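The structure file upload35.cif is reproduced below (mmCIF, C-alpha atoms).
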```cif
data_target
#
loop_
_atom_site.label_atom_id
_atom_site.label_comp_id
_atom_site.auth_asym_id
_atom_site.auth_seq_id
_atom_site.Cartn_x
_atom_site.Cartn_y
_atom_site.Cartn_z
CA LEU A 1358 0.00 0.00 0.00
CA THR A 1359 2.91 2.30 0.69
CA GLN A 1360 4.08 1.96 -2.91
CA ALA A 1361 0.56 2.74 -4.16
CA GLU A 1362 0.66 5.93 -2.12
CA ARG A 1363 4.05 6.83 -3.62
CA ASP A 1364 2.71 6.15 -7.11
CA LEU A 1365 -0.20 8.51 -6.44
CA GLN A 1366 2.26 11.21 -5.37
CA ALA A 1367 4.33 10.56 -8.50
CA ALA A 1368 1.17 10.90 -10.63
CA GLU A 1369 0.40 14.24 -9.00
CA ASP A 1370 3.99 15.38 -9.59
CA SER A 1371 3.90 14.26 -13.24
CA ALA A 1372 0.60 16.06 -13.81
CA ALA A 1373 1.98 19.25 -12.28
CA ALA A 1374 5.01 19.01 -14.58
CA GLY A 1375 2.80 18.55 -17.65
CA HIS A 1376 3.72 14.90 -18.17
CA HIS A 1377 0.09 13.83 -18.44
CA GLU A 1378 0.70 10.44 -20.03
CA TRP A 1379 2.91 9.50 -17.08
CA ALA A 1380 0.35 10.83 -14.63
CA ALA A 1381 -2.18 8.54 -16.31
CA PHE A 1382 0.06 5.47 -16.10
CA GLN A 1383 1.12 6.21 -12.52
CA SER A 1384 -2.53 6.58 -11.53
CA GLN A 1385 -3.20 3.12 -12.94
CA GLN A 1386 -0.18 1.76 -11.09
CA CYS A 1387 -1.41 3.34 -7.85
CA ALA A 1388 -4.77 1.61 -8.22
CA GLU A 1389 -3.25 -1.73 -9.24
CA LYS A 1390 -0.84 -1.79 -6.31
CA ALA A 1391 -3.58 -0.74 -3.90
CA VAL A 1392 -5.90 -3.59 -4.93
CA LYS A 1393 -3.04 -6.07 -4.80
CA ALA A 1394 -2.24 -4.86 -1.27
CA LEU A 1395 -5.88 -5.42 -0.37
CA VAL A 1396 -5.80 -8.94 -1.79
CA GLN A 1397 -2.59 -9.70 0.12
CA SER A 1398 -4.12 -8.36 3.34
CA LEU A 1399 -6.90 -10.92 2.82
CA HIS A 1400 -4.24 -13.64 2.44
CA GLY A 1401 -4.82 -14.00 -1.26
CA MET A 1402 -2.82 -13.51 -4.41
CA ALA A 1403 -3.70 -11.53 -7.52
CA ARG A 1404 -2.20 -11.79 -10.97
CA GLY A 1405 -2.62 -9.52 -13.93
CA HIS A 1406 -2.99 -5.80 -14.33
CA SER A 1407 -6.74 -5.25 -14.54
CA VAL A 1408 -7.80 -3.33 -11.44
CA THR A 1409 -11.45 -4.03 -12.27
CA ALA A 1410 -10.93 -7.78 -12.61
CA ILE A 1411 -9.07 -7.96 -9.31
CA LEU A 1412 -11.80 -6.02 -7.52
CA LEU A 1413 -14.47 -8.30 -9.00
CA GLN A 1414 -12.60 -11.36 -7.72
CA LEU A 1415 -12.56 -10.19 -4.10
CA PRO A 1416 -14.36 -12.37 -1.57
CA SER A 1417 -18.07 -11.69 -1.12
CA THR A 1418 -17.27 -10.25 2.32
CA VAL A 1419 -15.84 -7.17 0.55
CA THR A 1420 -18.46 -5.01 -1.12
CA VAL A 1421 -16.96 -2.78 -3.78
CA PRO A 1422 -19.00 0.38 -4.41
CA GLU A 1423 -19.94 1.11 -8.01
CA ARG A 1424 -18.00 4.41 -7.91
CA VAL A 1425 -14.82 2.44 -7.11
CA LEU A 1426 -15.51 -0.01 -9.93
CA ASP A 1427 -16.07 2.94 -12.27
CA ALA A 1428 -12.74 4.45 -11.17
CA ALA A 1429 -11.05 1.09 -11.77
CA ARG A 1430 -12.53 0.86 -15.26
CA GLU A 1431 -11.18 4.30 -16.11
CA VAL A 1432 -7.61 3.56 -14.99
CA ASP A 1433 -7.70 0.18 -16.73
CA LYS A 1434 -8.31 1.98 -20.04
CA VAL A 1435 -4.92 3.69 -19.88
CA TYR A 1436 -2.67 0.79 -18.87
CA VAL A 1437 -1.45 0.29 -22.44
CA THR A 1438 -2.27 3.60 -24.11
CA ALA A 1439 -0.40 5.77 -21.61
CA ARG A 1440 2.58 3.46 -21.32
CA TYR A 1441 3.50 2.34 -24.80
CA PRO A 1442 4.36 4.54 -27.80
CA ASN A 1443 2.44 2.14 -30.07
CA GLY A 1444 -0.59 1.87 -27.77
CA LEU A 1445 -2.58 4.29 -29.90
CA ALA A 1446 -3.40 4.20 -33.59
CA GLU A 1447 -1.24 7.24 -34.32
CA GLY A 1448 1.04 9.62 -32.46
CA THR A 1449 2.47 9.21 -28.99
CA PRO A 1450 0.79 9.03 -25.58
CA GLY A 1451 1.91 12.59 -24.93
CA ASP A 1452 -0.29 13.72 -27.82
CA TYR A 1453 -3.46 12.36 -26.20
CA PHE A 1454 -3.28 12.95 -22.45
CA THR A 1455 -4.11 16.41 -21.12
CA ALA A 1456 -4.31 18.27 -17.82
CA ARG A 1457 -7.99 17.28 -17.62
CA THR A 1458 -7.29 13.59 -18.14
CA SER A 1459 -4.48 13.79 -15.58
CA LYS A 1460 -6.79 15.29 -12.99
CA ASP A 1461 -9.53 12.74 -13.64
CA LEU A 1462 -7.17 9.76 -13.58
CA VAL A 1463 -5.37 10.92 -10.45
CA ASP A 1464 -8.79 11.23 -8.80
CA HIS A 1465 -9.70 7.70 -9.95
CA GLY A 1466 -6.43 6.29 -8.63
CA ARG A 1467 -7.04 8.06 -5.33
CA ALA A 1468 -10.58 6.66 -5.10
CA VAL A 1469 -9.32 3.09 -5.49
CA LEU A 1470 -6.49 3.71 -3.04
CA GLU A 1471 -8.80 5.17 -0.40
CA PHE A 1472 -11.20 2.25 -0.76
CA CYS A 1473 -8.37 -0.25 -0.29
CA ARG A 1474 -6.84 1.71 2.57
CA GLY A 1475 -10.06 1.14 4.48
CA PHE A 1476 -9.34 -2.62 4.54
CA VAL A 1477 -5.57 -2.75 4.83
CA SER A 1478 -4.15 -2.14 8.29
#
```
Target format structure tokens, applied to this file:
Amino acid sequence: LTQAERDLQAAEDSAAAGHHEWAAFQSQQCAEKAVKALVQSLHGMARGHSVTAILLQLPSTVTVPERVLDAAREVDKVYVTARYPNGLAEGTPGDYFTARTSKDLVDHGRAVLEFCRGFVS
């Protein structure tokens, strides 16, 4: 969970510096690491990079609010497109991510992190 928190800070720093594609990817990484910390705290193991899929595989004792699932879906959309120069049909990730997308994705990463923080001690 500590690394997820650091990734969120890195996303905020990248957004402030105008590196919006990195803010997007770091927001996804924040959410992914947060849900994996949650799974580990429940004595489980998660594979893969889909934040949504991991949340949907949690035990029935953990109720995931729809707003958290929506946040997960949004960060999942940028895992490839923000990270890889060939993730989009044309151009580079830096051509597509903006201050607005940075803000939204940082907020989504934070929402997933805060949800997970509530379960991880």
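Take the candidates A:Thr1359, A:His1406, A:His1400, A:Val1435 and check each one against Arg1474 (chain A) using only C-alpha atoms; the shortest distance goes to A:Thr1359.
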So, counting all atoms listed in the file, which residue among A:Gln1386, A:Gln1414, A:Thr1458, A:Asn1443 is closest to Gly1401 (chain A)?
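When distances to Gly1401 (chain A) are compared using all atoms listed in the file, the smallest one comes from A:Gln1414.
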Result set, the PyMOL selection byres ((chain A and resi 1370-1375) around 12) on current file, as a PDB file with C-alpha atoms, keeping the file's coordinate frame:
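As a result, out.pdb now contains:
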```
ATOM      1  CA  ARG A1363       4.050   6.830  -3.620  1.00  0.00           C
ATOM      2  CA  ASP A1364       2.710   6.150  -7.110  1.00  0.00           C
ATOM      3  CA  LEU A1365      -0.200   8.510  -6.440  1.00  0.00           C
ATOM      4  CA  GLN A1366       2.260  11.210  -5.370  1.00  0.00           C
ATOM      5  CA  ALA A1367       4.330  10.560  -8.500  1.00  0.00           C
ATOM      6  CA  ALA A1368       1.170  10.900 -10.630  1.00  0.00           C
ATOM      7  CA  GLU A1369       0.400  14.240  -9.000  1.00  0.00           C
ATOM      8  CA  HIS A1376       3.720  14.900 -18.170  1.00  0.00           C
ATOM      9  CA  HIS A1377       0.090  13.830 -18.440  1.00  0.00           C
ATOM     10  CA  GLU A1378       0.700  10.440 -20.030  1.00  0.00           C
ATOM     11  CA  TRP A1379       2.910   9.500 -17.080  1.00  0.00           C
ATOM     12  CA  ALA A1380       0.350  10.830 -14.630  1.00  0.00           C
ATOM     13  CA  ALA A1381      -2.180   8.540 -16.310  1.00  0.00           C
ATOM     14  CA  PHE A1382       0.060   5.470 -16.100  1.00  0.00           C
ATOM     15  CA  GLN A1383       1.120   6.210 -12.520  1.00  0.00           C
ATOM     16  CA  SER A1384      -2.530   6.580 -11.530  1.00  0.00           C
ATOM     17  CA  GLY A1451       1.910  12.590 -24.930  1.00  0.00           C
ATOM     18  CA  ASP A1452      -0.290  13.720 -27.820  1.00  0.00           C
ATOM     19  CA  PHE A1454      -3.280  12.950 -22.450  1.00  0.00           C
ATOM     20  CA  THR A1455      -4.110  16.410 -21.120  1.00  0.00           C
ATOM     21  CA  ALA A1456      -4.310  18.270 -17.820  1.00  0.00           C
ATOM     22  CA  ARG A1457      -7.990  17.280 -17.620  1.00  0.00           C
ATOM     23  CA  THR A1458      -7.290  13.590 -18.140  1.00  0.00           C
ATOM     24  CA  SER A1459      -4.480  13.790 -15.580  1.00  0.00           C
ATOM     25  CA  LYS A1460      -6.790  15.290 -12.990  1.00  0.00           C
ATOM     26  CA  ASP A1461      -9.530  12.740 -13.640  1.00  0.00           C
ATOM     27  CA  LEU A1462      -7.170   9.760 -13.580  1.00  0.00           C
ATOM     28  CA  VAL A1463      -5.370  10.920 -10.450  1.00  0.00           C
ATOM     29  CA  ASP A1464      -8.790  11.230  -8.800  1.00  0.00           C
TER      30      ASP A1464
END
```
Given only C-alpha atoms as the counted atoms, nearest of A:Ala1394, A:Ala1428, A:Leu1358, A:Cys1473 to Thr1409 (chain A)
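Closest to Thr1409 (chain A), using only C-alpha atoms: A:Ala1428.
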Measuring between all atoms listed in the file, which one of A:Val1425, A:Val1432, A:Val1419, A:Cys1387 shows the shortest distance to Ser1407 (chain A)?
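Of A:Val1425, A:Val1432, A:Val1419, A:Cys1387, the one nearest Ser1407 (chain A), counting all atoms listed in the file, is A:Val1432.
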With the PyMOL selection byres ((chain A and resi 1413) around 12) as the selection, what would be picked from this file? Answer as a PyMOL selection string, please.
chain A and resi 1392+1396+1403+1407-1412+1414-1423+1425-1427+1429-1430
Between CA of Gly1448 (chain A) and CA of Lys1390 (chain A), what is the spacing in Å?
28.6 Å
Have a look at CA of Ser1398 (chain A) and CA of Arg1440 (chain A) and let me know their distance in Å, one decimal.
28.2 Å
Hey, can you check how far CA of Gly1475 (chain A) sits from CA of Gln1385 (chain A)?
18.8 Å
Given all atoms listed in the file as the basis, pick out the residue of A:Ala1361, A:Met1402, A:Ala1388, A:Ala1446 nearest to Gly1466 (chain A).
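That would be A:Ala1388, the residue with the smallest distance to Gly1466 (chain A).
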Residue nearest Tyr1453 (chain A) - candidates A:Arg1467, A:Leu1399, A:Glu1362, A:Thr1438, atoms counted: all atoms listed in the file:
A:Thr1438
N, CA and C atoms restored at region 1382-1401 of chain A, emitted as a PDB file, in the coordinates of the input:
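Okay, part-v5.pdb is ready:
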```pdb
ATOM      1  N   PHE A1382      -0.489   6.799 -16.402  1.00  0.00           N
ATOM      2  CA  PHE A1382       0.060   5.470 -16.100  1.00  0.00           C
ATOM      3  C   PHE A1382       0.308   5.295 -14.602  1.00  0.00           C
ATOM      4  N   GLN A1383       0.845   6.310 -13.957  1.00  0.00           N
ATOM      5  CA  GLN A1383       1.120   6.210 -12.520  1.00  0.00           C
ATOM      6  C   GLN A1383      -0.173   6.112 -11.722  1.00  0.00           C
ATOM      7  N   SER A1384      -1.239   6.722 -12.192  1.00  0.00           N
ATOM      8  CA  SER A1384      -2.530   6.580 -11.530  1.00  0.00           C
ATOM      9  C   SER A1384      -3.029   5.138 -11.618  1.00  0.00           C
ATOM     10  N   GLN A1385      -2.831   4.530 -12.782  1.00  0.00           N
ATOM     11  CA  GLN A1385      -3.200   3.120 -12.940  1.00  0.00           C
ATOM     12  C   GLN A1385      -2.354   2.253 -12.018  1.00  0.00           C
ATOM     13  N   GLN A1386      -1.063   2.542 -11.948  1.00  0.00           N
ATOM     14  CA  GLN A1386      -0.180   1.760 -11.090  1.00  0.00           C
ATOM     15  C   GLN A1386      -0.564   1.910  -9.619  1.00  0.00           C
ATOM     16  N   CYS A1387      -0.936   3.103  -9.210  1.00  0.00           N
ATOM     17  CA  CYS A1387      -1.410   3.340  -7.850  1.00  0.00           C
ATOM     18  C   CYS A1387      -2.589   2.423  -7.547  1.00  0.00           C
ATOM     19  N   ALA A1388      -3.571   2.416  -8.439  1.00  0.00           N
ATOM     20  CA  ALA A1388      -4.770   1.610  -8.220  1.00  0.00           C
ATOM     21  C   ALA A1388      -4.437   0.117  -8.222  1.00  0.00           C
ATOM     22  N   GLU A1389      -3.619  -0.311  -9.162  1.00  0.00           N
ATOM     23  CA  GLU A1389      -3.250  -1.730  -9.240  1.00  0.00           C
ATOM     24  C   GLU A1389      -2.537  -2.193  -7.978  1.00  0.00           C
ATOM     25  N   LYS A1390      -1.585  -1.413  -7.525  1.00  0.00           N
ATOM     26  CA  LYS A1390      -0.840  -1.790  -6.310  1.00  0.00           C
ATOM     27  C   LYS A1390      -1.718  -1.742  -5.081  1.00  0.00           C
ATOM     28  N   ALA A1391      -2.658  -0.816  -5.043  1.00  0.00           N
ATOM     29  CA  ALA A1391      -3.580  -0.740  -3.900  1.00  0.00           C
ATOM     30  C   ALA A1391      -4.465  -1.977  -3.835  1.00  0.00           C
ATOM     31  N   VAL A1392      -5.030  -2.407  -4.973  1.00  0.00           N
ATOM     32  CA  VAL A1392      -5.900  -3.590  -4.930  1.00  0.00           C
ATOM     33  C   VAL A1392      -5.100  -4.852  -4.641  1.00  0.00           C
ATOM     34  N   LYS A1393      -3.875  -4.904  -5.111  1.00  0.00           N
ATOM     35  CA  LYS A1393      -3.040  -6.070  -4.800  1.00  0.00           C
ATOM     36  C   LYS A1393      -2.667  -6.091  -3.313  1.00  0.00           C
ATOM     37  N   ALA A1394      -2.473  -4.926  -2.716  1.00  0.00           N
ATOM     38  CA  ALA A1394      -2.240  -4.860  -1.270  1.00  0.00           C
ATOM     39  C   ALA A1394      -3.474  -5.342  -0.515  1.00  0.00           C
ATOM     40  N   LEU A1395      -4.638  -4.959  -0.993  1.00  0.00           N
ATOM     41  CA  LEU A1395      -5.880  -5.420  -0.370  1.00  0.00           C
ATOM     42  C   LEU A1395      -6.000  -6.926  -0.452  1.00  0.00           C
ATOM     43  N   VAL A1396      -5.744  -7.480  -1.620  1.00  0.00           N
ATOM     44  CA  VAL A1396      -5.800  -8.940  -1.790  1.00  0.00           C
ATOM     45  C   VAL A1396      -4.807  -9.621  -0.852  1.00  0.00           C
ATOM     46  N   GLN A1397      -3.596  -9.104  -0.769  1.00  0.00           N
ATOM     47  CA  GLN A1397      -2.590  -9.700   0.120  1.00  0.00           C
ATOM     48  C   GLN A1397      -3.029  -9.604   1.576  1.00  0.00           C
ATOM     49  N   SER A1398      -3.663  -8.501   1.957  1.00  0.00           N
ATOM     50  CA  SER A1398      -4.120  -8.360   3.340  1.00  0.00           C
ATOM     51  C   SER A1398      -5.199  -9.381   3.684  1.00  0.00           C
ATOM     52  N   LEU A1399      -5.878  -9.880   2.638  1.00  0.00           N
ATOM     53  CA  LEU A1399      -6.900 -10.920   2.820  1.00  0.00           C
ATOM     54  C   LEU A1399      -6.315 -12.317   2.633  1.00  0.00           C
ATOM     55  N   HIS A1400      -4.996 -12.383   2.587  1.00  0.00           N
ATOM     56  CA  HIS A1400      -4.240 -13.640   2.440  1.00  0.00           C
ATOM     57  C   HIS A1400      -4.462 -14.308   1.090  1.00  0.00           C
ATOM     58  N   GLY A1401      -4.642 -13.489   0.088  1.00  0.00           N
ATOM     59  CA  GLY A1401      -4.820 -14.000  -1.260  1.00  0.00           C
ATOM     60  C   GLY A1401      -3.677 -13.563  -2.152  1.00  0.00           C
TER      61      GLY A1401
END
```
